[in-house]
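Colleague: Structure supplied as query07.cif; contents: mmCIF, C-alpha atoms.
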```
data_upload
#
loop_
_atom_site.label_atom_id
_atom_site.label_comp_id
_atom_site.auth_asym_id
_atom_site.auth_seq_id
_atom_site.Cartn_x
_atom_site.Cartn_y
_atom_site.Cartn_z
CA MET A 1 24.43 17.87 -6.88
CA GLU A 2 24.90 15.13 -9.47
CA PHE A 3 24.24 11.49 -8.58
CA ILE A 4 25.36 8.42 -10.45
CA ARG A 5 21.96 6.99 -11.36
CA LYS A 6 20.61 3.65 -12.51
CA PRO A 7 18.02 3.23 -15.29
CA SER A 8 14.55 3.89 -13.89
CA GLU A 9 11.09 4.74 -15.12
CA MET A 10 10.38 6.73 -11.96
CA PRO A 11 13.60 8.47 -10.86
CA MET A 12 13.90 10.46 -7.68
CA GLN A 13 14.34 14.21 -7.62
CA VAL A 14 16.61 16.50 -5.63
CA GLU A 15 14.95 19.34 -3.73
CA GLU A 16 16.97 22.20 -2.31
CA ARG A 17 15.39 23.25 0.95
CA ASN A 18 17.77 24.53 3.65
CA ILE A 19 19.60 21.25 2.89
CA PRO A 20 19.36 19.00 -0.18
CA VAL A 21 16.83 16.18 0.14
CA LEU A 22 15.64 13.45 -2.19
CA THR A 23 11.94 12.89 -2.88
CA PHE A 24 9.79 10.60 -5.01
CA PRO A 25 7.61 12.42 -7.55
CA ARG A 26 4.93 9.75 -7.04
CA LEU A 27 4.79 10.39 -3.28
CA SER A 28 5.01 14.15 -3.74
CA GLN A 29 1.72 13.99 -5.66
CA LEU A 30 -0.02 12.93 -2.43
CA ASP A 31 -1.01 16.12 -0.60
CA MET A 32 -1.77 14.19 2.59
CA ILE A 33 1.88 13.34 3.36
CA GLY A 34 5.32 14.84 3.64
CA HIS A 35 8.42 12.77 2.93
CA ALA A 36 12.12 13.11 2.30
CA VAL A 37 15.39 11.24 2.23
CA THR A 38 18.36 13.23 3.48
CA THR A 39 21.86 13.06 2.02
CA ARG A 40 25.12 13.30 3.93
CA LEU A 41 25.33 17.03 3.10
CA GLY A 42 24.32 20.09 5.09
CA GLY A 43 25.12 19.12 8.67
CA VAL A 44 27.74 19.94 11.29
CA SER A 45 29.47 16.57 11.80
CA GLU A 46 33.13 16.20 10.87
CA GLY A 47 35.57 13.56 9.64
CA TYR A 48 34.03 10.44 8.20
CA PHE A 49 30.68 11.52 9.70
CA ARG A 50 30.67 14.53 7.36
CA SER A 51 28.27 16.12 7.66
CA LEU A 52 24.60 15.26 8.29
CA ASN A 53 25.02 12.12 10.39
CA LEU A 54 21.78 11.24 12.21
CA LYS A 55 22.89 8.53 14.63
CA THR A 56 24.49 8.66 18.05
CA GLY A 57 26.68 5.88 19.41
CA LEU A 58 28.99 5.74 16.38
CA GLY A 59 31.59 8.15 17.72
CA ASP A 60 30.09 11.40 16.47
CA PRO A 61 29.50 13.79 19.40
CA ASP A 62 25.86 13.73 20.54
CA GLU A 63 25.59 17.51 20.24
CA ASN A 64 26.43 17.26 16.53
CA VAL A 65 23.72 14.68 15.96
CA GLN A 66 21.21 16.80 17.88
CA LYS A 67 22.05 19.82 15.75
CA ASN A 68 21.69 17.70 12.62
CA PHE A 69 18.19 16.71 13.71
CA GLU A 70 17.33 20.38 14.18
CA ILE A 71 18.57 21.09 10.65
CA THR A 72 16.55 18.16 9.31
CA ALA A 73 13.42 19.31 11.14
CA GLN A 74 13.69 22.70 9.45
CA ALA A 75 13.97 21.04 6.05
CA LEU A 76 10.86 18.96 6.74
CA HIS A 77 8.96 21.93 8.23
CA VAL A 78 8.43 20.05 11.49
CA ARG A 79 9.68 20.26 15.09
CA PRO A 80 12.25 17.88 16.64
CA ASP A 81 9.62 16.67 19.12
CA GLN A 82 7.56 15.27 16.21
CA PHE A 83 10.17 12.66 15.22
CA VAL A 84 9.65 9.03 16.22
CA LEU A 85 12.82 6.95 15.72
CA SER A 86 13.21 3.26 15.01
CA ASP A 87 15.60 1.06 17.01
CA GLN A 88 17.08 -0.97 14.20
CA THR A 89 18.53 -4.41 14.86
CA HIS A 90 17.62 -6.18 11.58
CA THR A 91 14.38 -7.65 12.93
CA VAL A 92 10.97 -7.79 11.27
CA ASN A 93 9.34 -6.08 14.26
CA VAL A 94 6.92 -3.28 13.42
CA ARG A 95 5.66 -0.79 16.03
CA THR A 96 2.32 1.00 15.93
CA VAL A 97 3.13 4.64 16.69
CA THR A 98 0.73 6.88 18.65
CA GLU A 99 0.74 10.39 20.09
CA ALA A 100 2.50 8.99 23.16
CA ASP A 101 5.58 8.26 21.03
CA ALA A 102 6.17 11.84 19.84
CA GLY A 103 9.82 12.85 20.14
CA LYS A 104 11.13 9.42 21.12
CA GLY A 105 14.75 9.04 20.14
CA VAL A 106 15.32 12.78 19.66
CA THR A 107 13.83 14.92 22.45
CA ARG A 108 13.20 12.07 24.89
CA PRO A 109 14.36 8.47 25.30
CA ARG A 110 12.82 5.53 23.49
CA ASP A 111 11.10 3.01 25.74
CA TYR A 112 11.24 0.25 23.11
CA THR A 113 13.94 -1.77 21.41
CA ASP A 114 14.33 -3.95 18.32
CA VAL A 115 11.97 -2.01 16.07
CA ASP A 116 12.77 -1.90 12.34
CA GLY A 117 9.38 -0.72 11.11
CA LEU A 118 6.88 1.96 12.15
CA VAL A 119 3.23 2.51 11.19
CA THR A 120 0.74 5.20 12.20
CA ASN A 121 -2.43 7.05 11.29
CA VAL A 122 -1.67 10.02 13.56
CA PRO A 123 -0.99 13.30 11.71
CA GLY A 124 2.21 15.12 12.60
CA LEU A 125 4.28 12.16 13.80
CA VAL A 126 7.41 11.84 11.66
CA LEU A 127 8.29 8.19 11.13
CA SER A 128 12.08 7.95 10.92
CA ILE A 129 14.53 5.24 9.87
CA PHE A 130 18.24 5.38 9.15
CA THR A 131 20.41 3.59 6.62
CA ALA A 132 23.80 3.43 4.95
CA ASP A 133 23.15 0.71 2.29
CA CYS A 134 20.03 -1.07 3.62
CA VAL A 135 16.69 -0.41 1.97
CA PRO A 136 14.15 2.13 3.28
CA VAL A 137 10.61 1.29 2.14
CA PHE A 138 7.83 3.89 2.23
CA LEU A 139 4.23 2.65 2.61
CA VAL A 140 1.26 4.98 2.10
CA ASP A 141 -2.46 4.21 2.25
CA PRO A 142 -4.12 7.34 0.81
CA VAL A 143 -7.63 5.95 1.27
CA ARG A 144 -7.52 5.35 5.03
CA ARG A 145 -4.79 7.92 5.65
CA ALA A 146 -2.24 5.60 7.19
CA ILE A 147 1.51 5.28 6.61
CA GLY A 148 4.44 2.99 7.33
CA LEU A 149 8.20 3.11 6.99
CA VAL A 150 10.57 0.16 7.29
CA HIS A 151 14.28 -0.61 7.36
CA SER A 152 14.88 -3.64 5.15
CA GLY A 153 18.45 -4.95 4.98
CA TRP A 154 19.00 -8.45 3.68
CA ARG A 155 17.62 -9.97 6.89
CA GLY A 156 14.56 -7.74 6.83
CA THR A 157 14.05 -8.42 3.15
CA VAL A 158 14.26 -12.21 3.39
CA GLY A 159 11.96 -11.93 6.43
CA ARG A 160 9.57 -9.72 4.42
CA ILE A 161 9.34 -6.86 6.90
CA SER A 162 7.36 -4.76 4.42
CA ARG A 163 4.70 -7.49 4.36
CA GLU A 164 4.63 -7.43 8.17
CA ALA A 165 4.12 -3.66 8.16
CA ILE A 166 1.33 -3.94 5.59
CA ARG A 167 -0.34 -6.63 7.68
CA LYS A 168 -0.18 -4.35 10.72
CA MET A 169 -1.71 -1.52 8.68
CA GLN A 170 -4.47 -3.89 7.57
CA ALA A 171 -5.18 -4.94 11.16
CA ASN A 172 -4.96 -1.46 12.67
CA TYR A 173 -6.43 0.77 9.99
CA GLY A 174 -8.26 -1.45 7.49
CA THR A 175 -5.68 -0.82 4.78
CA GLU A 176 -6.23 -2.56 1.44
CA PRO A 177 -2.84 -3.29 -0.20
CA ALA A 178 -4.29 -2.56 -3.65
CA ASP A 179 -4.87 1.05 -2.54
CA MET A 180 -1.30 1.61 -1.39
CA ILE A 181 1.44 3.75 -2.95
CA CYS A 182 4.94 2.53 -2.03
CA ALA A 183 8.53 3.52 -2.70
CA ILE A 184 11.90 1.79 -2.39
CA ALA A 185 14.47 4.43 -1.44
CA PRO A 186 18.25 4.86 -2.02
CA SER A 187 20.24 1.83 -0.95
CA ILE A 188 22.88 -0.49 -2.35
CA CYS A 189 22.38 -1.72 -5.93
CA GLN A 190 22.92 -5.24 -7.25
CA ASP A 191 26.20 -4.34 -8.96
CA CYS A 192 27.67 -3.32 -5.61
CA TYR A 193 26.09 -5.91 -3.30
CA GLU A 194 28.00 -9.18 -3.10
CA ILE A 195 26.76 -11.85 -0.68
CA SER A 196 27.93 -15.26 0.47
CA GLU A 197 26.35 -18.52 -0.62
CA ASP A 198 24.60 -19.13 2.70
CA VAL A 199 22.75 -15.81 2.36
CA ALA A 200 21.96 -16.57 -1.27
CA ASP A 201 20.51 -19.92 -0.24
CA ARG A 202 18.06 -18.18 2.09
CA PHE A 203 16.90 -15.94 -0.76
CA LYS A 204 16.58 -18.91 -3.12
CA LYS A 205 14.28 -20.58 -0.60
CA GLU A 206 12.21 -17.52 0.28
CA PHE A 207 11.96 -16.20 -3.28
CA ALA A 208 11.61 -19.52 -5.08
CA GLY A 209 10.81 -18.91 -8.73
CA HIS A 210 12.43 -15.48 -8.69
CA GLU A 211 16.07 -16.56 -8.41
CA GLU A 212 17.06 -15.27 -11.84
CA GLU A 213 15.46 -11.89 -11.09
CA ILE A 214 17.35 -11.23 -7.88
CA LEU A 215 20.60 -13.26 -7.93
CA ILE A 216 23.65 -13.38 -10.18
CA ASP A 217 25.86 -16.40 -9.51
CA LYS A 218 29.55 -15.47 -9.68
CA HIS A 219 30.50 -19.18 -9.61
CA ASN A 220 33.00 -18.62 -6.80
CA GLY A 221 30.71 -19.13 -3.82
CA HIS A 222 29.43 -15.56 -4.03
CA TYR A 223 26.41 -13.87 -5.60
CA GLN A 224 25.23 -10.38 -6.46
CA LEU A 225 21.86 -9.69 -4.78
CA ASP A 226 19.24 -7.25 -6.04
CA LEU A 227 17.59 -5.89 -2.90
CA TRP A 228 15.53 -3.42 -4.93
CA GLN A 229 13.83 -6.14 -6.96
CA SER A 230 13.53 -8.39 -3.89
CA ASN A 231 11.62 -5.68 -2.04
CA ARG A 232 9.47 -5.02 -5.08
CA ILE A 233 8.52 -8.71 -5.09
CA VAL A 234 7.69 -8.54 -1.37
CA LEU A 235 5.36 -5.60 -1.97
CA GLU A 236 3.69 -7.13 -5.02
CA GLU A 237 3.12 -10.47 -3.28
CA ALA A 238 1.62 -8.57 -0.33
CA GLY A 239 -0.97 -7.16 -2.74
CA VAL A 240 0.47 -3.80 -3.83
CA LYS A 241 -0.14 -3.08 -7.51
CA PRO A 242 3.09 -3.05 -9.58
CA GLU A 243 2.26 0.37 -11.03
CA ASN A 244 2.02 1.77 -7.50
CA ILE A 245 5.63 0.94 -6.57
CA ALA A 246 8.36 3.50 -7.24
CA VAL A 247 11.93 2.18 -7.16
CA THR A 248 14.95 4.39 -6.60
CA ASP A 249 17.52 5.02 -9.30
CA ILE A 250 20.24 5.94 -6.78
CA CYS A 251 22.75 3.53 -5.19
CA THR A 252 24.40 4.48 -1.91
CA CYS A 253 27.64 2.63 -2.70
CA CYS A 254 27.93 4.32 -6.12
CA ASN A 255 27.52 7.75 -4.49
CA PRO A 256 29.64 7.73 -1.29
CA ASP A 257 30.33 11.47 -1.45
CA LEU A 258 26.60 12.22 -1.33
CA LEU A 259 25.18 9.34 0.74
CA PHE A 260 26.59 7.26 3.58
CA SER A 261 27.54 3.74 2.48
CA HIS A 262 28.75 1.02 4.82
CA ARG A 263 30.39 -0.96 2.04
CA ALA A 264 32.03 1.95 0.29
CA SER A 265 33.48 3.28 3.56
CA HIS A 266 34.36 -0.12 5.06
CA GLY A 267 32.20 0.75 8.05
CA ARG A 268 33.60 4.23 8.74
CA ARG A 269 30.42 6.25 8.26
CA GLY A 270 27.31 7.85 9.67
CA VAL A 271 23.73 7.32 8.50
CA PHE A 272 21.22 9.32 6.51
CA GLY A 273 17.51 9.41 7.25
CA SER A 274 14.22 8.56 5.56
CA PHE A 275 11.16 10.39 6.89
CA LEU A 276 7.42 10.10 6.34
CA TYR A 277 4.51 11.87 8.01
CA LEU A 278 0.82 12.61 7.64
CA LYS A 279 -0.02 16.27 7.35
#
```
Just give me the structure as structure tokens.

Modeller:
Amino acid sequence: MEFIRKPSEMPMQVEERNIPVLTFPRLSQLDMIGHAVTTRLGGVSEGYFRSLNLKTGLGDPDENVQKNFEITAQALHVRPDQFVLSDQTHTVNVRTVTEADAGKGVTRPRDYTDVDGLVTNVPGLVLSIFTADCVPVFLVDPVRRAIGLVHSGWRGTVGRISREAIRKMQANYGTEPADMICAIAPSICQDCYEISEDVADRFKKEFAGHEEEILIDKHNGHYQLDLWQSNRIVLEEAGVKPENIAVTDICTCCNPDLLFSHRASHGRRGVFGSFLYLK
């Protein structure tokens, strides 16, 4: 499986389990956690959901999605009733996950809405978010054994959802940002991500002083936005050490045969998953 990759000092690696998954070498060095990012390969869904779609409500039969979760659980060496799913609506809301949440979204209904980030210190609960161009951000505190996982599209990024998750980890678990190891997972790259001027203006305001790092002005009312660098800035300004942030080298839109991409497919797509758990 060959990806089109971007220059990176810390590239991701492909692992062949019962399905291919992507992992960060930096996170894999931490024995306390398990993590993975699925691709669109190895599932049972058909058509433009081919084949490991992990979201219901898009038109893919529910039984296909359920089977895909069973396949994913095997690859992660967990059970389906260990997953805890987000309910993504582009908020900056972060939920503290406990034993009572086990299985929500997969083996039993969620009793919460509008949750784009999850944090926990409970071993065995698999934090789960789903994307098709937006940015998954992994947050690990190896000192206090706490983790977080967020979905950060442009709204979540300009709202600094990763900072909100870190703050919740500080409040709940005593996390020190300087101790954290973080990773920015496959998502749309700057070359592929064109935005309108009104969105660019929000980033200019929120990331004042960093405009040249994250925006390319096309001089036609549109810009190219670097969500990877924007999220790196969010993490660094929240107190994470630069050397403790791994950034993907894989763009979803550049690799539509291997990863779901909303832009590449013009909205005809499923989603892939990012997963993080304490052992």

Colleague: Please write as number ranges by chain the full residue list that the PyMOL selection byres ((chain A and resi 225-237) around 6) yields on this file.

Modeller: A: 190, 193, 214-215, 224, 238-240

Colleague: How would you write, as a CSV table (one decimal) with C-alpha atoms, in the frame of the given file, the residues chosen by the PyMOL selection byres ((chain A and resi 19) around 8) on this structure?

Modeller:
```csv
chain,number,residue,atom,x,y,z
A,16,GLU,CA,17.0,22.2,-2.3
A,17,ARG,CA,15.4,23.2,1.0
A,18,ASN,CA,17.8,24.5,3.6
A,20,PRO,CA,19.4,19.0,-0.2
A,21,VAL,CA,16.8,16.2,0.1
A,41,LEU,CA,25.3,17.0,3.1
A,42,GLY,CA,24.3,20.1,5.1
A,71,ILE,CA,18.6,21.1,10.6
A,72,THR,CA,16.6,18.2,9.3
A,75,ALA,CA,14.0,21.0,6.0
```

Colleague: Using all atoms listed in the file and a cutoff of 12 Å, can you tell me which residues are near (0.9, -0.2, -13.2) in the file's coordinates, and write them out as a PyMOL selection string?

Modeller: chain A and resi 9-10+178+181+236+240-246

Colleague: Taking all atoms listed in the file into account, produce a table as a Markdown table in which each residue of stretch 104-178 of chain A with an atom at most 10 Å from an atom of stretch 262-267 of chain A appears once, together with its shortest atom pair and the distance in Å to one decimal, ordered by chain and rising number.

Modeller:
```
| residue | atom | partner | partner_atom | distance |
| --- | --- | --- | --- | --- |
| A:Thr131 | CA | A:His262 | CA | 8.9 |
| A:Ala132 | CA | A:His262 | CA | 5.5 |
| A:Asp133 | CA | A:His262 | CA | 6.2 |
| A:Cys134 | CA | A:His262 | CA | 9.0 |
```

Colleague: Given the file shown, enumerate the residues that the PyMOL selection byres ((chain A and resi 145-154) around 6) captures and present them as a list in words.

Modeller: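 When the PyMOL selection byres ((chain A and resi 145-154) around 6) is applied, the selected residues are Asp116, Gly117, Leu118, Val119, Thr120, Asn121, Cys134, Val135, Pro136, Val137, Phe138, Leu139, Val140, Asp141, Pro142, Val143, Arg144, Arg155, Gly156 and Thr157 of chain A.
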
Colleague: Can you measure atom CA of A:Ser261 to atom CA of A:Leu125 for me? One decimal in Å is fine.

Modeller: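 Separation of atom CA of A:Ser261 and atom CA of A:Leu125: 27.2 Å.
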
Colleague: Give as a VMD selection string each residue that has an atom at most 8 Å from (13.8, 13.1, -4.5) in the file, counting all atoms listed in the file.

Modeller: chain A and resid 11 to 15 21 to 25 36 to 37

Colleague: When distances are computed from all atoms listed in the file, which of A:Leu127, A:Ile195, A:Leu85, A:Cys254 shows the smallest separation from A:Thr113?

Modeller: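 Answer, going by the shortest atom-to-atom distance: A:Leu85.
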
Colleague: Could you tell me which of A:Leu27, A:Val199, A:Ala73, A:Ile188 comes closest to A:His222 if we count all atoms listed in the file?

Modeller: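 Among the listed residues, A:Val199 lies closest to A:His222.
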
Colleague: With only C-alpha atoms as the atoms that count, which of A:Leu258, A:Ala183, A:Ala200, A:Asn93 lies nearest to A:Ser28?

Modeller: A:Ala183

Colleague: How many Å separate atom CA of A:Tyr173 from atom CA of A:Thr38?

Modeller: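 Going from atom CA of A:Tyr173 over to atom CA of A:Thr38 covers 28.5 Å.
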